[in-house]
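Source file: model.txt (compact mmCIF, C-alpha atoms and all ligand atoms)
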```txt
# COMPACT_ATOMS: atom_id res chain seq x y z
CA MET A 22 50.80 -69.55 -56.52
CA SER A 23 50.97 -73.06 -55.03
CA ASP A 24 47.94 -75.36 -55.34
CA ASP A 25 47.26 -74.96 -51.62
CA ASP A 26 47.41 -71.16 -51.82
CA TYR A 27 45.00 -71.33 -54.76
CA ARG A 28 42.62 -73.60 -52.77
CA GLN A 29 42.58 -71.18 -49.82
CA ALA A 30 41.99 -68.18 -52.10
CA SER A 31 39.27 -70.00 -54.05
CA LEU A 32 37.48 -71.00 -50.84
CA ARG A 33 37.45 -67.35 -49.72
CA VAL A 34 36.06 -66.32 -53.14
CA TRP A 35 33.20 -68.84 -52.96
CA GLU A 36 32.37 -68.03 -49.37
CA GLU A 37 32.00 -64.39 -50.49
CA MET A 38 29.93 -65.33 -53.55
CA ALA A 39 27.30 -67.33 -51.64
CA ALA A 40 25.01 -64.36 -50.88
CA GLY A 41 24.93 -63.34 -54.55
CA TRP A 42 24.25 -66.89 -55.76
CA GLU A 43 21.45 -67.27 -53.24
CA GLY A 44 19.95 -63.86 -54.13
CA ASP A 45 20.08 -64.43 -57.91
CA ARG A 46 19.16 -68.08 -57.73
CA THR A 47 15.84 -67.81 -59.56
CA PHE A 48 17.31 -65.84 -62.47
CA LEU A 49 20.21 -68.27 -62.73
CA TRP A 50 18.19 -71.48 -62.62
CA ASP A 51 15.59 -70.15 -65.07
CA ALA A 52 18.37 -69.12 -67.47
CA SER A 53 20.38 -72.32 -67.15
CA ARG A 54 17.92 -75.08 -66.43
CA GLY A 55 18.56 -76.60 -69.88
CA VAL A 56 22.12 -77.36 -68.77
CA GLY A 57 21.12 -78.78 -65.38
CA GLU A 58 18.24 -80.82 -66.79
CA TRP A 59 20.49 -82.27 -69.52
CA MET A 60 22.78 -83.51 -66.74
CA VAL A 61 19.96 -85.06 -64.72
CA ASP A 62 18.42 -86.71 -67.81
CA ALA A 63 21.82 -88.09 -68.83
CA LEU A 64 22.52 -89.41 -65.32
CA ASP A 65 19.03 -90.95 -65.27
CA PRO A 66 18.70 -91.40 -61.48
CA GLN A 67 16.57 -94.39 -60.49
CA PRO A 68 14.30 -94.82 -57.46
CA GLY A 69 16.33 -95.81 -54.39
CA GLU A 70 19.67 -94.56 -55.73
CA THR A 71 22.15 -92.35 -53.88
CA ILE A 72 23.15 -89.28 -55.88
CA LEU A 73 26.05 -87.05 -54.84
CA GLU A 74 26.20 -83.45 -56.02
CA LEU A 75 29.67 -81.87 -55.89
CA ALA A 76 30.35 -78.10 -55.90
CA ALA A 77 26.58 -77.81 -55.65
CA GLY A 78 26.38 -74.09 -54.92
CA VAL A 79 22.76 -73.42 -53.97
CA GLY A 80 21.89 -76.93 -55.09
CA ASP A 81 19.30 -76.59 -57.87
CA THR A 82 20.77 -79.23 -60.22
CA GLY A 83 20.71 -81.88 -57.50
CA PHE A 84 17.22 -80.85 -56.46
CA ALA A 85 16.08 -81.62 -60.02
CA ALA A 86 17.29 -85.21 -59.37
CA ALA A 87 15.80 -85.59 -55.87
CA ALA A 88 12.27 -86.49 -57.02
CA ARG A 89 13.64 -89.18 -59.35
CA VAL A 90 15.34 -91.17 -56.56
CA GLY A 91 12.16 -90.93 -54.47
CA PRO A 92 11.75 -91.41 -50.73
CA SER A 93 13.87 -94.59 -50.71
CA GLY A 94 16.74 -92.77 -52.44
CA ARG A 95 19.05 -90.05 -51.23
CA LEU A 96 20.62 -86.86 -52.53
CA ILE A 97 23.84 -85.72 -50.87
CA THR A 98 24.41 -82.03 -51.63
CA THR A 99 27.98 -80.87 -51.05
CA ASP A 100 30.19 -77.84 -51.62
CA PHE A 101 33.45 -76.71 -50.01
CA SER A 102 31.90 -73.31 -49.19
CA GLN A 103 29.84 -73.62 -46.04
CA PRO A 104 27.65 -70.56 -46.79
CA MET A 105 26.75 -72.17 -50.14
CA VAL A 106 25.76 -75.39 -48.35
CA GLU A 107 23.61 -73.39 -45.90
CA ALA A 108 21.92 -71.59 -48.83
CA ALA A 109 21.24 -74.96 -50.47
CA ARG A 110 19.74 -76.29 -47.24
CA ARG A 111 17.38 -73.28 -47.05
CA ARG A 112 16.38 -73.82 -50.67
CA ALA A 113 15.61 -77.52 -50.10
CA HIS A 114 13.46 -76.57 -47.13
CA GLU A 115 11.50 -74.08 -49.29
CA LEU A 116 11.03 -76.74 -51.97
CA GLY A 117 9.91 -79.34 -49.40
CA ILE A 118 12.70 -81.75 -50.39
CA SER A 119 13.01 -84.32 -47.63
CA ASN A 120 15.42 -86.91 -49.11
CA ALA A 121 18.49 -84.64 -49.22
CA GLU A 122 21.38 -84.26 -46.80
CA PHE A 123 23.96 -81.49 -46.80
CA ARG A 124 27.70 -81.59 -46.19
CA THR A 125 30.55 -79.15 -46.47
CA MET A 126 33.07 -81.15 -48.51
CA ASP A 127 36.03 -80.53 -50.79
CA ALA A 128 35.54 -82.45 -54.04
CA GLU A 129 39.31 -83.01 -54.32
CA ARG A 130 39.34 -84.90 -50.98
CA MET A 131 36.00 -86.56 -50.38
CA ASP A 132 35.11 -87.86 -46.98
CA MET A 133 33.10 -90.76 -48.45
CA GLU A 134 33.34 -94.54 -48.65
CA ASP A 135 34.62 -96.23 -51.81
CA GLY A 136 31.84 -97.44 -54.11
CA SER A 137 29.05 -95.86 -52.05
CA ILE A 138 27.44 -93.62 -54.72
CA ASP A 139 25.30 -94.49 -57.75
CA GLY A 140 25.61 -91.18 -59.59
CA VAL A 141 27.52 -87.90 -59.31
CA LEU A 142 26.43 -84.47 -60.57
CA CYS A 143 28.79 -81.52 -60.83
CA ARG A 144 27.73 -78.36 -62.67
CA TRP A 145 30.43 -75.73 -63.32
CA GLY A 146 32.76 -77.11 -60.65
CA TYR A 147 35.64 -79.30 -61.88
CA MET A 148 37.31 -76.55 -63.94
CA LEU A 149 37.67 -74.38 -60.82
CA MET A 150 39.59 -76.99 -58.86
CA ALA A 151 43.34 -76.84 -58.31
CA ASP A 152 43.73 -80.49 -59.34
CA PRO A 153 40.77 -81.60 -61.49
CA VAL A 154 42.31 -85.06 -61.96
CA ALA A 155 42.26 -85.50 -58.16
CA ALA A 156 38.57 -84.51 -58.08
CA LEU A 157 37.69 -86.79 -61.01
CA SER A 158 39.69 -89.65 -59.46
CA GLU A 159 37.84 -89.14 -56.19
CA THR A 160 34.59 -89.18 -58.18
CA LYS A 161 35.59 -92.53 -59.70
CA ARG A 162 36.60 -93.89 -56.28
CA VAL A 163 33.25 -93.13 -54.61
CA LEU A 164 31.16 -94.46 -57.53
CA ARG A 165 30.01 -98.07 -57.35
CA ASP A 166 30.76 -100.39 -60.29
CA GLY A 167 28.44 -99.19 -63.03
CA GLY A 168 28.05 -95.75 -61.44
CA ARG A 169 28.18 -92.65 -63.63
CA VAL A 170 28.93 -88.93 -63.45
CA ALA A 171 27.23 -86.10 -65.33
CA PHE A 172 28.93 -82.73 -65.32
CA SER A 173 29.04 -79.40 -67.09
CA VAL A 174 31.88 -76.99 -67.74
CA TRP A 175 31.89 -73.66 -69.57
CA GLY A 176 32.72 -73.92 -73.28
CA ASP A 177 34.40 -71.61 -75.78
CA PRO A 178 35.07 -68.15 -74.27
CA ALA A 179 34.08 -66.60 -77.63
CA ARG A 180 30.59 -68.03 -77.05
CA ASN A 181 30.46 -66.85 -73.44
CA LEU A 182 31.03 -63.13 -73.83
CA TRP A 183 28.93 -62.44 -70.70
CA ALA A 184 31.98 -63.66 -68.70
CA SER A 185 34.95 -63.63 -71.06
CA VAL A 186 34.61 -59.90 -71.84
CA PRO A 187 34.62 -58.75 -68.18
CA GLY A 188 37.37 -61.31 -67.41
CA ARG A 189 39.65 -60.04 -70.18
CA LEU A 190 38.99 -56.37 -69.43
CA VAL A 191 39.75 -56.85 -65.72
CA LEU A 192 43.11 -58.39 -66.65
CA GLU A 193 43.85 -55.56 -69.09
CA HIS A 194 42.89 -52.97 -66.48
CA THR A 195 45.00 -54.45 -63.67
CA GLY A 196 47.88 -55.39 -65.95
CA ALA A 197 47.87 -58.92 -64.52
CA PRO A 198 49.43 -61.50 -66.87
CA HIS A 199 47.02 -63.67 -68.85
CA PRO A 200 46.82 -66.97 -66.97
CA ASP A 201 47.80 -70.33 -68.44
CA PRO A 202 44.59 -71.50 -70.21
CA GLN A 203 44.80 -74.78 -68.25
CA ALA A 204 45.15 -73.06 -64.86
CA PRO A 205 41.98 -73.43 -62.76
CA GLY A 206 39.30 -70.98 -63.81
CA ILE A 207 36.01 -70.59 -65.61
CA PHE A 208 37.36 -71.67 -69.04
CA ALA A 209 40.00 -74.21 -67.95
CA MET A 210 38.03 -77.14 -69.41
CA ALA A 211 36.54 -75.33 -72.40
CA SER A 212 38.43 -77.62 -74.77
CA GLU A 213 36.79 -81.03 -75.24
CA GLU A 214 40.22 -82.52 -75.88
CA ARG A 215 41.48 -81.28 -72.49
CA THR A 216 38.37 -82.67 -70.78
CA ARG A 217 38.94 -86.07 -72.42
CA GLU A 218 42.57 -86.03 -71.21
CA LEU A 219 41.53 -85.22 -67.62
CA LEU A 220 38.86 -87.94 -67.66
CA GLY A 221 41.35 -90.48 -69.03
CA ALA A 222 43.88 -89.61 -66.32
CA ALA A 223 41.19 -90.30 -63.71
CA GLY A 224 40.18 -93.64 -65.27
CA LEU A 225 36.82 -92.35 -66.53
CA GLU A 226 35.48 -92.71 -70.06
CA PRO A 227 33.20 -90.17 -71.72
CA ARG A 228 29.91 -91.73 -72.87
CA ARG A 229 28.36 -88.49 -74.13
CA MET A 230 29.90 -85.07 -74.64
CA GLU A 231 27.67 -82.31 -76.06
CA THR A 232 27.66 -78.56 -76.37
CA VAL A 233 24.58 -77.17 -74.62
CA ASP A 234 23.76 -73.56 -75.46
CA MET A 235 21.62 -71.04 -73.65
CA GLU A 236 20.49 -67.49 -74.27
CA TRP A 237 20.76 -65.18 -71.33
CA LEU A 238 18.47 -62.16 -71.28
CA PHE A 239 19.47 -59.16 -69.20
CA GLU A 240 16.87 -56.41 -68.95
CA SER A 241 19.57 -53.75 -68.65
CA PRO A 242 23.37 -53.42 -68.64
CA ASP A 243 22.93 -52.84 -64.92
CA ASP A 244 21.47 -56.34 -64.47
CA HIS A 245 24.43 -57.86 -66.30
CA TRP A 246 26.92 -55.84 -64.26
CA HIS A 247 25.26 -56.89 -61.01
CA MET A 248 25.51 -60.51 -62.03
CA VAL A 249 29.25 -60.06 -62.68
CA ILE A 250 29.85 -58.30 -59.37
CA ASP A 251 27.63 -60.65 -57.34
CA MET A 252 28.48 -64.02 -58.85
CA ALA A 253 31.51 -64.10 -61.12
CA GLY A 254 33.93 -65.70 -58.65
CA ALA A 255 37.51 -64.42 -58.92
CA ILE A 256 36.55 -61.75 -61.51
CA ALA A 257 33.98 -60.35 -59.08
CA MET A 258 36.51 -60.27 -56.26
CA VAL A 259 39.02 -58.25 -58.31
CA LEU A 260 36.30 -55.83 -59.45
CA ARG A 261 35.03 -55.38 -55.89
CA SER A 262 38.54 -54.48 -54.75
CA LEU A 263 38.91 -51.64 -57.32
CA PRO A 264 38.23 -48.01 -56.38
CA ALA A 265 34.83 -46.80 -57.65
CA ASP A 266 36.26 -44.76 -60.55
CA GLU A 267 38.33 -47.71 -61.82
CA GLN A 268 35.36 -50.06 -61.48
CA ALA A 269 33.26 -47.58 -63.49
CA ALA A 270 35.97 -47.43 -66.20
CA VAL A 271 35.99 -51.24 -66.58
CA ARG A 272 32.20 -51.27 -66.64
CA GLU A 273 32.10 -48.68 -69.43
CA ARG A 274 34.44 -50.79 -71.56
CA VAL A 275 32.37 -53.93 -70.87
CA GLU A 276 29.23 -52.08 -72.02
CA GLN A 277 31.00 -50.92 -75.20
CA GLU A 278 32.14 -54.44 -76.07
CA LEU A 279 28.73 -55.99 -75.37
CA ARG A 280 26.87 -53.46 -77.52
CA PRO A 281 26.52 -55.93 -80.43
CA SER A 282 24.46 -58.13 -78.04
CA ALA A 283 22.06 -55.28 -77.20
CA GLN A 284 18.38 -56.11 -77.29
CA GLY A 285 15.79 -53.57 -76.10
CA ASP A 286 17.24 -51.82 -73.06
CA GLY A 287 19.45 -54.78 -72.17
CA TYR A 288 21.25 -57.73 -73.74
CA ARG A 289 20.51 -61.09 -75.30
CA ILE A 290 23.79 -62.97 -74.90
CA GLU A 291 24.62 -66.54 -75.79
CA ALA A 292 26.19 -68.82 -73.21
CA SER A 293 27.66 -72.20 -74.06
CA CYS A 294 28.59 -75.22 -71.97
CA VAL A 295 30.15 -78.61 -72.59
CA ASN A 296 28.08 -81.27 -70.85
CA VAL A 297 29.49 -84.72 -70.23
CA LEU A 298 28.27 -88.11 -69.11
CA ALA A 299 31.15 -90.38 -68.08
CA ALA A 300 31.60 -93.71 -66.32
C1 LIG B 401 30.25 -71.59 -60.49
S1 LIG B 401 29.66 -72.18 -58.95
C2 LIG B 401 28.50 -73.41 -59.47
C3 LIG B 401 27.46 -73.73 -58.43
C4 LIG B 401 26.41 -74.76 -58.83
N1 LIG B 401 27.01 -76.04 -59.14
C5 LIG B 401 25.55 -74.29 -59.97
O1 LIG B 401 25.65 -74.86 -61.05
O2 LIG B 401 24.75 -73.38 -59.79
C6 LIG B 401 31.04 -73.14 -58.44
C7 LIG B 401 30.88 -73.84 -57.10
O3 LIG B 401 32.00 -74.71 -56.95
C8 LIG B 401 32.34 -74.74 -55.58
N2 LIG B 401 33.72 -75.28 -55.50
C9 LIG B 401 34.84 -74.78 -56.07
N3 LIG B 401 35.90 -75.57 -55.78
C10 LIG B 401 35.44 -76.59 -55.03
C11 LIG B 401 36.04 -77.74 -54.43
N4 LIG B 401 37.35 -77.97 -54.54
N5 LIG B 401 35.25 -78.60 -53.74
C12 LIG B 401 33.92 -78.37 -53.61
N6 LIG B 401 33.30 -77.28 -54.13
C13 LIG B 401 34.04 -76.42 -54.85
C14 LIG B 401 32.17 -73.29 -55.16
O4 LIG B 401 32.07 -73.15 -53.78
C15 LIG B 401 30.88 -72.90 -55.90
O5 LIG B 401 29.75 -73.12 -55.12
```
Starting from the file, lay out its structure as structure tokens.
Ligand SMILES: C[S@@+](CC[C@H](N)C(=O)[O-])C[C@H]1O[C@@H](n2cnc3c(N)ncnc32)[C@H](O)[C@@H]1O
Amino acid sequence: MSDDDYRQASLRVWEEMAAGWEGDRTFLWDASRGVGEWMVDALDPQPGETILELAAGVGDTGFAAAARVGPSGRLITTDFSQPMVEAARRRAHELGISNAEFRTMDAERMDMEDGSIDGVLCRWGYMLMADPVAALSETKRVLRDGGRVAFSVWGDPARNLWASVPGRLVLEHTGAPHPDPQAPGIFAMASEERTRELLGAAGLEPRRMETVDMEWLFESPDDHWHMVIDMAGAIAMVLRSLPADEQAAVRERVEQELRPSAQGDGYRIEASCVNVLAA
């Protein structure tokens, strides 16, 4: 698939995922706030600054920064999926956030002035992009001298069984070839070495790089399955396209493999990210 075909397909995926991300927003932010708050603390937004969030989804990480820049500062919440941006706008309205603006924007080609941003946030976005060096180079271009970026990517697949098990079993079920580990996707930047290489190619230097772990509690296998079907990007799209009996067969195998993570009627599953501050 060419990069442009991938971009078109990925945009369709994330337009489809917006309803699920909006619906499960509270669960997701409660479960992952440690990752988002690490990013905001590391970025350390100051009153009056302009903070850009890329691939913001429903926007919660940026909203955690909005109070810090205060009324004289500005948060610019962006995503290439318009329904995600609309969901973020609704969320900001509910939260009473008045210093944020919203734009549909592709992080690989930013419609923004050079040197116009003090800090960039991007949680679980760069690894999904066709050309992460382009997106990181664009990040560097829009940052002022002394600006910084805080981002998060998913870490070791073996420590993210909530996604790597369904992902592998979908591939096995469909017979699709295993993708190149560096091809865009949830684990494309799981290796710290790879992330350092991409940052270097974009002229950015890591200042901090840390593994940030979470524990995700699912009250039932059903809750986990719904998260996969509602939110898991390309994996969700393939599962949704399967006939009901094939979907049920994959689900049964996922439940078997996740049995060691059973707790009560559901699961307690670890999730692990690599969080980075760079400048
Ligand atoms: C896994 S979600 C993460 C959403 C949000 N950052 C969060 O942490 O909850 C990935 C997001 O990246 C966005 N995305 C993927 N590729 C993008 C691109 N090239 N430019 C802008 N947004 C992109 C998707 O639309 C989606 O909202």
Counting only C-alpha atoms and all ligand atoms, what are the residues of chain A within 9 Å of ligand LIG 401 (chain B), and for each of them which pair of atoms is the nearest and at what distance in Å, to one decimal? Sort the table by chain and rising number, as a tab-separated table.
```
residue	atom	partner	partner_atom	distance
A:Arg28	CA	B:LIG401	N4	7.1
A:Ser31	CA	B:LIG401	N3	6.7
A:Leu32	CA	B:LIG401	O4	6.5
A:Arg33	CA	B:LIG401	O4	8.9
A:Val34	CA	B:LIG401	O4	7.9
A:Trp35	CA	B:LIG401	O4	4.5
A:Glu36	CA	B:LIG401	O4	6.8
A:Met38	CA	B:LIG401	O5	7.9
A:Ala39	CA	B:LIG401	O5	7.2
A:Trp42	CA	B:LIG401	O2	7.7
A:Arg46	CA	B:LIG401	O2	8.0
A:Leu49	CA	B:LIG401	O2	7.4
A:Trp50	CA	B:LIG401	O2	7.4
A:Ser53	CA	B:LIG401	O1	8.5
A:Val56	CA	B:LIG401	O1	8.8
A:Gly57	CA	B:LIG401	O1	7.4
A:Glu74	CA	B:LIG401	N1	8.1
A:Leu75	CA	B:LIG401	C12	6.0
A:Ala76	CA	B:LIG401	N6	3.5
A:Ala77	CA	B:LIG401	N1	3.9
A:Gly78	CA	B:LIG401	O5	3.5
A:Val79	CA	B:LIG401	O2	6.2
A:Gly80	CA	B:LIG401	C4	6.3
A:Asp81	CA	B:LIG401	O2	6.6
A:Thr82	CA	B:LIG401	O1	6.6
A:Gly83	CA	B:LIG401	N1	8.7
A:Thr99	CA	B:LIG401	C12	6.9
A:Asp100	CA	B:LIG401	N6	4.0
A:Phe101	CA	B:LIG401	C12	4.0
A:Ser102	CA	B:LIG401	O4	4.6
A:Gln103	CA	B:LIG401	O4	8.1
A:Pro104	CA	B:LIG401	O4	8.7
A:Met105	CA	B:LIG401	O5	5.9
A:Val106	CA	B:LIG401	O5	8.2
A:Thr125	CA	B:LIG401	C12	7.9
A:Met126	CA	B:LIG401	C12	5.9
A:Asp127	CA	B:LIG401	N5	3.6
A:Ala128	CA	B:LIG401	N5	3.9
A:Glu129	CA	B:LIG401	N4	5.4
A:Arg130	CA	B:LIG401	N5	8.0
A:Met131	CA	B:LIG401	N5	8.7
A:Leu142	CA	B:LIG401	N1	8.6
A:Cys143	CA	B:LIG401	N1	6.0
A:Arg144	CA	B:LIG401	N1	4.3
A:Trp145	CA	B:LIG401	C2	4.9
A:Gly146	CA	B:LIG401	O3	4.5
A:Tyr147	CA	B:LIG401	N3	7.2
A:Met148	CA	B:LIG401	N3	8.3
A:Leu149	CA	B:LIG401	N3	5.5
A:Met150	CA	B:LIG401	N4	5.0
A:Ala151	CA	B:LIG401	N4	7.2
A:Asp152	CA	B:LIG401	N4	8.4
A:Pro153	CA	B:LIG401	N4	8.6
A:Ala156	CA	B:LIG401	N4	7.5
A:Ser173	CA	B:LIG401	O1	8.3
A:Ile207	CA	B:LIG401	C1	7.8
A:Met252	CA	B:LIG401	C1	7.9
A:Ala253	CA	B:LIG401	C1	7.6
A:Gly254	CA	B:LIG401	C1	7.2
```
Length of the atom CA of A:Val61 to atom CA of A:Ile118 vector [Å]: 16.4 Å
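Comparing A:Met248, A:Ser137, A:Gln203, A:Ala179 by their smallest distance to A:Val163, the closest is A:Ser137 (using all atoms listed in the file).
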Residue nearest A:Gly221 - candidates A:Ser262, A:Asn120, A:Asn181, A:Ser158, atoms counted: all atoms listed in the file: A:Ser158
Distance query A:Asp139 at most 12 Å, all atoms listed in the file, self and fewer than 2 positions along chain excluded, as a PyMOL selection string: chain A and resi 64-74+90+94-97+135-137+141-142+160-171+300
Residue contacts of stretch 292-294 of chain A (12 Å, only C-alpha atoms) excluding same-chain residues fewer than 6 positions away, as an MDAnalysis selection string: chainID A and resid 52:53 55:57 59:60 144:145 148 172:185 207:208 210:213 230:238 282
Can I get the selection written as a short mmCIF file (atom, residue, chain, number, x, y, z; two decimals), in the frame of the given file, with C-alpha atoms?
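The result, written out as result_21.cif:
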```cif
data_model
loop_
_atom_site.label_atom_id
_atom_site.label_comp_id
_atom_site.auth_asym_id
_atom_site.auth_seq_id
_atom_site.Cartn_x
_atom_site.Cartn_y
_atom_site.Cartn_z
CA ALA A 52 18.37 -69.12 -67.47
CA SER A 53 20.38 -72.32 -67.15
CA GLY A 55 18.56 -76.60 -69.88
CA VAL A 56 22.12 -77.36 -68.77
CA GLY A 57 21.12 -78.78 -65.38
CA TRP A 59 20.49 -82.27 -69.52
CA MET A 60 22.78 -83.51 -66.74
CA ARG A 144 27.73 -78.36 -62.67
CA TRP A 145 30.43 -75.73 -63.32
CA MET A 148 37.31 -76.55 -63.94
CA PHE A 172 28.93 -82.73 -65.32
CA SER A 173 29.04 -79.40 -67.09
CA VAL A 174 31.88 -76.99 -67.74
CA TRP A 175 31.89 -73.66 -69.57
CA GLY A 176 32.72 -73.92 -73.28
CA ASP A 177 34.40 -71.61 -75.78
CA PRO A 178 35.07 -68.15 -74.27
CA ALA A 179 34.08 -66.60 -77.63
CA ARG A 180 30.59 -68.03 -77.05
CA ASN A 181 30.46 -66.85 -73.44
CA LEU A 182 31.03 -63.13 -73.83
CA TRP A 183 28.93 -62.44 -70.70
CA ALA A 184 31.98 -63.66 -68.70
CA SER A 185 34.95 -63.63 -71.06
CA ILE A 207 36.01 -70.59 -65.61
CA PHE A 208 37.36 -71.67 -69.04
CA MET A 210 38.03 -77.14 -69.41
CA ALA A 211 36.54 -75.33 -72.40
CA SER A 212 38.43 -77.62 -74.77
CA GLU A 213 36.79 -81.03 -75.24
CA MET A 230 29.90 -85.07 -74.64
CA GLU A 231 27.67 -82.31 -76.06
CA THR A 232 27.66 -78.56 -76.37
CA VAL A 233 24.58 -77.17 -74.62
CA ASP A 234 23.76 -73.56 -75.46
CA MET A 235 21.62 -71.04 -73.65
CA GLU A 236 20.49 -67.49 -74.27
CA TRP A 237 20.76 -65.18 -71.33
CA LEU A 238 18.47 -62.16 -71.28
CA SER A 282 24.46 -58.13 -78.04
#
```
Coordinates-based distance that separates atom CA of A:Tyr288 from atom CA of A:Phe239 (Å, one decimal): 5.1 Å
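Reported to one decimal place, the separation of atom CA of A:Val297 from atom CA of A:Arg228 is 7.5 Å.
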Which residue of A:Asp251, A:Glu107, A:Glu159, A:Glu276 approaches A:Asp132 most closely, using only C-alpha atoms: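 Checking each candidate against A:Asp132, we get A:Glu159 as the closest.
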As JSON: centre and edge lengths in Å, one decimal, of the axis-aligned box holding stretch 92-97 of chain A with 4 Å per side:
```
{"center_x": 17.8, "center_y": -90.2, "center_z": -51.6, "size_x": 20.1, "size_y": 16.9, "size_z": 9.8}
```
Residue with smallest distance to A:Glu214 - pool A:Glu37, A:Asp266, A:Glu43, A:Val295, counting only C-alpha atoms: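 Distance minimum relative to A:Glu214 lands on A:Val295.
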